[in-house]
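Enquirer: Let me begin by handing over the structure; questions about it come next.
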There are 2 protein chains.
Amino acid sequence: MNFSVSEENYIKSIYHLQQQSETVTTNSLANEIQTKPASVTDMLKKLQAKKLLEYKKYKGFRLNATGNKIALNIVRRHRLWEYFLVTKLGFEWDKVHDIADELEHVSSIELIQKLDAFLNYPQADPHGDPIPDVNGKITVIKQQSIADVPVKRNVIVSSVSNQSPEMLELLKHYHIGIGTELKVNMRLSFDGSIEIKVSKYAACIISEQVAKNIFVYHD
Amino acid sequence: MNFSVSEENYIKSIYHLQQQSETVTTNSLANEIQTKPASVTDMLKKLQAKKLLEYKKYKGFRLNATGNKIALNIVRRHRLWEYFLVTKLGFEWDKVHDIADELEHVSSIELIQKLDAFLNYPQADPHGDPIPDVNGKITVIKQQSIADVPVKRNVIVSSVSNQSPEMLELLKHYHIGIGTELKVNMRLSFDGSIEIKVSKYAACIISEQVAKNIFVYHD
DNA sequence: GTTATTTTTTAGTTTTGTCTAAACATTAAT
DNA sequence: ATTAATGTTTAGACAAAACTAAAAAATAAC
């Protein structure tokens, strides 16, 4: 089945609101999607007719299994594009959301498959949120600050919590970006600083303060 | 000014039809865009109101300077995405058109700038058609078959006219793809076969028959 | 447990882009 | 030069997705 851009936006937004509260209300969805409650009611009827959610007047609503699967597919596309925009095109973390909001509606299945392969099957987007697989399955990755990673373990950078220009400059200097593979060589217990090795570059030392801002996962 | 997906499709299609005939007719545009003549008339009024074309009832039409500039921007986006799909995602030449038709409507200017840079400012799409620059300027690149390229000149592969599986296999074997830089080392006048060097790979010999299908340009 | 407030829904419009069927221009045919 | 055929436009309708204003339901306040 095929959905309009508008329908996909509603589905995605309901999915997001569901993460926070048990049932979603008309007003909260209207607010999320920047529209009026009356428009939400109209669309709910449509989505119910398409059997993507259960909805009883005045009682709130949730996506059903079908709706959730479709939502996860949209989320998957969104996060893959975000990853692409940051790691390949050099966008900064906070600039990619709106563009990914447009790209996510391009509907070719083959496109997303090939994009995923091209990006080397990333597990999390630049904000650290997990990327669902083709079947909508989310692998809950154990993200942790690099400050807490055991030594000698290969990890992949998933996100950076501090996005100041200074931090960006430092990361660039050490060749660290989203998707970068690295290993913690050792940890100095005196001040918590760690030595890391990034692919072919010489090992370098980063302070605990910096390390705490860099989040990683391993397979 | 901002245009809807539908408006952009009309603008692009008028642009394409203009290349072939002096003025564009309602019927030909309806046919090109897979719609009815009545719908075309409606849209023409709208595009005229937005001052993108001159149009007199029953007399055919053409984009004016403004319209042309917008069309060239859409064409630019389309062709950059096609180049991306082929060279980065590994799509085949003939599969990319429909996907690029969707991607071309994503409206971020910064996105296209960065995509262009990421692709290393290609001058032609995988079908050999030139890519307009940011200002809509088309550099008429002198494409020629590699069979006709003087020796010792660095060139970039822009398109391949024969897309049979055999040709694709051969190109892959010699590491030749769209955007590949190569040099003709020498030409054997006996049978017209040429020796080429592709980046860091060992030089190899290709027959004149193959060479005639590979089109290139130089700066 | 009424009344007041908030939330949600309905009813009726609007805009965009499409369509069909009929009317009108233009071009071709005899 | 009429008539026939073709191409184009108008008029009116429709679907999608939004809106406003008013009605109805649910919740909160006293």
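Numbering starts fresh at 1 for the residues of each chain in the structure tokens, the chains themselves are lettered A, B, ... in the order given, and ligands are numbered from 1 as they appear.
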Near Lys51 of chain B, within 12 Å and counting only C-alpha atoms (C1' of nucleotides), which residues show up once chain neighbours fewer than 5 positions away are dropped, as a PyMOL selection string?

Expert: chain B and resi 1+11+44-46+62-68+70

Enquirer: Could those selected residues go to a file with N, CA and C atoms, as an mmCIF file, in the first residue's frame?

Expert:
```
data_model
loop_
_atom_site.group_PDB
_atom_site.id
_atom_site.type_symbol
_atom_site.label_atom_id
_atom_site.label_comp_id
_atom_site.auth_asym_id
_atom_site.auth_seq_id
_atom_site.Cartn_x
_atom_site.Cartn_y
_atom_site.Cartn_z
ATOM 1 N N MET B 1 11.158 32.512 -4.712
ATOM 2 C CA MET B 1 9.803 31.959 -4.845
ATOM 3 C C MET B 1 9.829 30.426 -4.788
ATOM 4 N N ILE B 11 7.102 22.771 -15.330
ATOM 5 C CA ILE B 11 8.210 23.619 -15.777
ATOM 6 C C ILE B 11 9.298 22.782 -16.447
ATOM 7 N N LEU B 44 -1.110 26.239 -17.162
ATOM 8 C CA LEU B 44 -0.497 27.304 -17.957
ATOM 9 C C LEU B 44 -0.930 28.678 -17.437
ATOM 10 N N LYS B 45 -2.190 28.783 -17.085
ATOM 11 C CA LYS B 45 -2.687 30.055 -16.553
ATOM 12 C C LYS B 45 -1.952 30.397 -15.261
ATOM 13 N N LYS B 46 -1.741 29.368 -14.470
ATOM 14 C CA LYS B 46 -1.082 29.588 -13.191
ATOM 15 C C LYS B 46 0.372 30.017 -13.395
ATOM 16 N N ARG B 62 6.169 29.155 -24.466
ATOM 17 C CA ARG B 62 7.589 28.925 -24.153
ATOM 18 C C ARG B 62 7.862 29.532 -22.779
ATOM 19 N N LEU B 63 8.803 28.985 -22.072
ATOM 20 C CA LEU B 63 9.236 29.603 -20.819
ATOM 21 C C LEU B 63 9.946 30.909 -21.137
ATOM 22 N N ASN B 64 9.761 31.916 -20.290
ATOM 23 C CA ASN B 64 10.563 33.132 -20.447
ATOM 24 C C ASN B 64 11.878 32.961 -19.674
ATOM 25 N N ALA B 65 12.655 34.013 -19.544
ATOM 26 C CA ALA B 65 13.972 33.906 -18.910
ATOM 27 C C ALA B 65 13.870 33.366 -17.484
ATOM 28 N N THR B 66 12.916 33.909 -16.731
ATOM 29 C CA THR B 66 12.731 33.440 -15.352
ATOM 30 C C THR B 66 12.400 31.953 -15.324
ATOM 31 N N GLY B 67 11.439 31.564 -16.149
ATOM 32 C CA GLY B 67 11.023 30.165 -16.197
ATOM 33 C C GLY B 67 12.159 29.243 -16.561
ATOM 34 N N ASN B 68 12.944 29.696 -17.528
ATOM 35 C CA ASN B 68 14.084 28.888 -17.945
ATOM 36 C C ASN B 68 15.083 28.676 -16.821
ATOM 37 N N ILE B 70 14.524 28.651 -13.641
ATOM 38 C CA ILE B 70 13.970 27.703 -12.676
ATOM 39 C C ILE B 70 14.050 26.281 -13.221
#
```

Enquirer: Neighbouring residues of DA23 of chain C were defined as those with any atom within 12 Å, considering only C-alpha atoms (C1' of nucleotides); residues of the same chain fewer than 6 positions away were excluded. Please report them as a PyMOL selection string.

Expert: chain D and resi 8-11

Enquirer: Can you list, as a compact mmCIF listing (two decimals) with N, CA and C atoms (P, O5', C5', C4', C3', O3' and C1' of nucleotides), in the first residue's frame, every protein, DNA or RNA residue that comes within 10 Å of DT20 of chain D when you count only C-alpha atoms (C1' of nucleotides), leaving out same-chain residues fewer than 6 positions away?

Expert:
```
# COMPACT_ATOMS: atom_id res chain seq x y z
N ALA A 38 -9.01 20.09 14.16
CA ALA A 38 -10.03 19.61 13.23
C ALA A 38 -9.41 18.82 12.08
P DG C 12 -23.70 21.57 6.83
O5' DG C 12 -22.78 22.77 6.32
C5' DG C 12 -22.56 23.91 7.15
C4' DG C 12 -21.42 24.73 6.59
C3' DG C 12 -21.38 24.76 5.05
O3' DG C 12 -21.00 26.06 4.63
C1' DG C 12 -19.33 24.02 5.86
P DT C 13 -21.22 26.49 3.06
O5' DT C 13 -19.82 27.20 2.74
C5' DT C 13 -18.63 26.55 3.14
C4' DT C 13 -17.49 27.54 3.24
C3' DT C 13 -16.90 27.92 1.89
O3' DT C 13 -16.26 29.19 1.96
C1' DT C 13 -15.43 26.45 3.05
```

Enquirer: Among segment 64-170 of chain A, which residues does DSSP mark as helix (DSSP H, G or I) when it is run on the backbone? Keep the chain and numbering as in the structure and answer as a ChimeraX atom specification.

Expert: /A:65-87,93-95,97-103,109-118,146-148,165-170

Enquirer: Keeping C-alpha atoms for every residue in the selection just given, could you write it to a file as an mmCIF file, in the first residue's frame?

Expert:
```
data_model
loop_
_atom_site.group_PDB
_atom_site.id
_atom_site.type_symbol
_atom_site.label_atom_id
_atom_site.label_comp_id
_atom_site.auth_asym_id
_atom_site.auth_seq_id
_atom_site.Cartn_x
_atom_site.Cartn_y
_atom_site.Cartn_z
ATOM 1 C CA ALA A 65 0.681 -3.443 14.363
ATOM 2 C CA THR A 66 0.324 -2.475 10.699
ATOM 3 C CA GLY A 67 0.597 1.235 11.464
ATOM 4 C CA ASN A 68 3.643 0.698 13.605
ATOM 5 C CA LYS A 69 5.422 -1.235 10.897
ATOM 6 C CA ILE A 70 4.817 1.544 8.412
ATOM 7 C CA ALA A 71 5.964 4.144 10.931
ATOM 8 C CA LEU A 72 9.181 2.241 11.544
ATOM 9 C CA ASN A 73 9.848 2.183 7.839
ATOM 10 C CA ILE A 74 9.495 5.939 7.652
ATOM 11 C CA VAL A 75 11.727 6.367 10.696
ATOM 12 C CA ARG A 76 14.260 4.081 9.047
ATOM 13 C CA ARG A 77 14.325 6.220 5.911
ATOM 14 C CA HIS A 78 14.556 9.420 7.917
ATOM 15 C CA ARG A 79 17.484 8.250 10.014
ATOM 16 C CA LEU A 80 19.410 6.762 7.117
ATOM 17 C CA TRP A 81 19.148 10.071 5.278
ATOM 18 C CA GLU A 82 20.256 11.947 8.386
ATOM 19 C CA TYR A 83 23.259 9.688 8.646
ATOM 20 C CA PHE A 84 24.007 10.269 4.979
ATOM 21 C CA LEU A 85 23.713 14.034 5.285
ATOM 22 C CA VAL A 86 26.140 14.180 8.206
ATOM 23 C CA THR A 87 28.719 11.547 7.269
ATOM 24 C CA TRP A 93 23.935 17.383 13.404
ATOM 25 C CA ASP A 94 21.339 20.041 14.002
ATOM 26 C CA LYS A 95 20.796 21.020 10.373
ATOM 27 C CA HIS A 97 16.277 17.141 10.394
ATOM 28 C CA ASP A 98 14.239 19.267 7.996
ATOM 29 C CA ILE A 99 15.983 17.952 4.898
ATOM 30 C CA ALA A 100 15.548 14.347 6.059
ATOM 31 C CA ASP A 101 11.868 15.167 6.577
ATOM 32 C CA GLU A 102 11.608 15.709 2.848
ATOM 33 C CA LEU A 103 13.881 12.916 1.702
ATOM 34 C CA ILE A 109 12.521 0.452 -1.697
ATOM 35 C CA GLU A 110 15.614 -0.264 -3.762
ATOM 36 C CA LEU A 111 16.891 3.249 -3.057
ATOM 37 C CA ILE A 112 16.836 2.700 0.686
ATOM 38 C CA GLN A 113 18.409 -0.740 0.394
ATOM 39 C CA LYS A 114 21.298 0.638 -1.612
ATOM 40 C CA LEU A 115 21.659 3.704 0.578
ATOM 41 C CA ASP A 116 21.865 1.458 3.639
ATOM 42 C CA ALA A 117 24.594 -0.628 1.983
ATOM 43 C CA PHE A 118 26.472 2.488 0.835
ATOM 44 C CA ILE A 146 33.480 6.620 25.298
ATOM 45 C CA ALA A 147 34.539 7.575 28.837
ATOM 46 C CA ASP A 148 32.965 4.296 30.005
ATOM 47 C CA PRO A 165 32.205 24.898 17.238
ATOM 48 C CA GLU A 166 35.075 24.153 19.608
ATOM 49 C CA MET A 167 34.010 20.542 19.929
ATOM 50 C CA LEU A 168 33.542 20.237 16.177
ATOM 51 C CA GLU A 169 37.012 21.594 15.613
ATOM 52 C CA LEU A 170 38.532 19.182 18.090
#
```

Enquirer: Please report as JSON lines every residue of chain A lying within 12 Å of chain C, along with the nearest atom pair and their distance in Å (one decimal), using only C-alpha atoms (C1' of nucleotides).

Expert:
```
{"residue": "A:Thr25", "atom": "CA", "partner": "C:DT7", "partner_atom": "C1'", "distance": 9.2}
{"residue": "A:Thr26", "atom": "CA", "partner": "C:DT8", "partner_atom": "C1'", "distance": 7.2}
{"residue": "A:Asn27", "atom": "CA", "partner": "C:DT7", "partner_atom": "C1'", "distance": 7.5}
{"residue": "A:Ser28", "atom": "CA", "partner": "C:DT7", "partner_atom": "C1'", "distance": 10.7}
{"residue": "A:Ala30", "atom": "CA", "partner": "C:DT8", "partner_atom": "C1'", "distance": 11.6}
{"residue": "A:Lys36", "atom": "CA", "partner": "C:DT8", "partner_atom": "C1'", "distance": 11.2}
{"residue": "A:Pro37", "atom": "CA", "partner": "C:DT8", "partner_atom": "C1'", "distance": 7.7}
{"residue": "A:Ala38", "atom": "CA", "partner": "C:DT9", "partner_atom": "C1'", "distance": 7.3}
{"residue": "A:Ser39", "atom": "CA", "partner": "C:DT9", "partner_atom": "C1'", "distance": 10.4}
{"residue": "A:Val40", "atom": "CA", "partner": "C:DT8", "partner_atom": "C1'", "distance": 10.0}
{"residue": "A:Thr41", "atom": "CA", "partner": "C:DT9", "partner_atom": "C1'", "distance": 7.3}
{"residue": "A:Asp42", "atom": "CA", "partner": "C:DT9", "partner_atom": "C1'", "distance": 9.3}
{"residue": "A:Leu44", "atom": "CA", "partner": "C:DT9", "partner_atom": "C1'", "distance": 11.5}
{"residue": "A:Lys45", "atom": "CA", "partner": "C:DT9", "partner_atom": "C1'", "distance": 11.3}
{"residue": "A:Lys56", "atom": "CA", "partner": "C:DT8", "partner_atom": "C1'", "distance": 11.3}
{"residue": "A:Lys57", "atom": "CA", "partner": "C:DT8", "partner_atom": "C1'", "distance": 7.9}
{"residue": "A:Tyr58", "atom": "CA", "partner": "C:DT8", "partner_atom": "C1'", "distance": 5.9}
{"residue": "A:Lys59", "atom": "CA", "partner": "C:DT8", "partner_atom": "C1'", "distance": 9.3}
{"residue": "A:Gly60", "atom": "CA", "partner": "C:DT8", "partner_atom": "C1'", "distance": 9.8}
```

Enquirer: Write out as a PyMOL selection string all residues of segment 11-144 of chain A that backbone DSSP assigns to strand (DSSP E or B).

Expert: chain A and resi 24+53-55+61-63+124+127+130+144

Enquirer: Which neighbours of segment 197-200 of chain A fall inside 8 Å, counting only C-alpha atoms (C1' of nucleotides), when residues of the same chain fewer than 5 positions from it are skipped, and could you give them as a list in words?

Expert: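 Selected residues are Tyr174, His175, Ile176, Thr180, Glu181, Leu182, Lys183, Val184 and Asn185 of chain A.
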
Enquirer: If you take only C-alpha atoms (C1' of nucleotides) and a cut-off of 8 Å, which residues of chain D touch chain A, and what are their nearest atom pairs and distances in Å to one decimal, in chain and number order, as a tab-separated table?

Expert:
```
residue	atom	partner	partner_atom	distance
D:DA17	C1'	A:Ser39	CA	7.9
D:DA18	C1'	A:Ser39	CA	6.7
D:DC19	C1'	A:Lys36	CA	7.9
D:DA25	C1'	A:Tyr58	CA	7.3
D:DA26	C1'	A:Tyr58	CA	7.6
```

Enquirer: May I ask which of the residues A:Val106, A:Val140, A:Ala49, A:Val96 is the closest one to chain B, counting only C-alpha atoms?

Expert: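 Comparing A:Val106, A:Val140, A:Ala49, A:Val96 against chain B, the winner is A:Val106.
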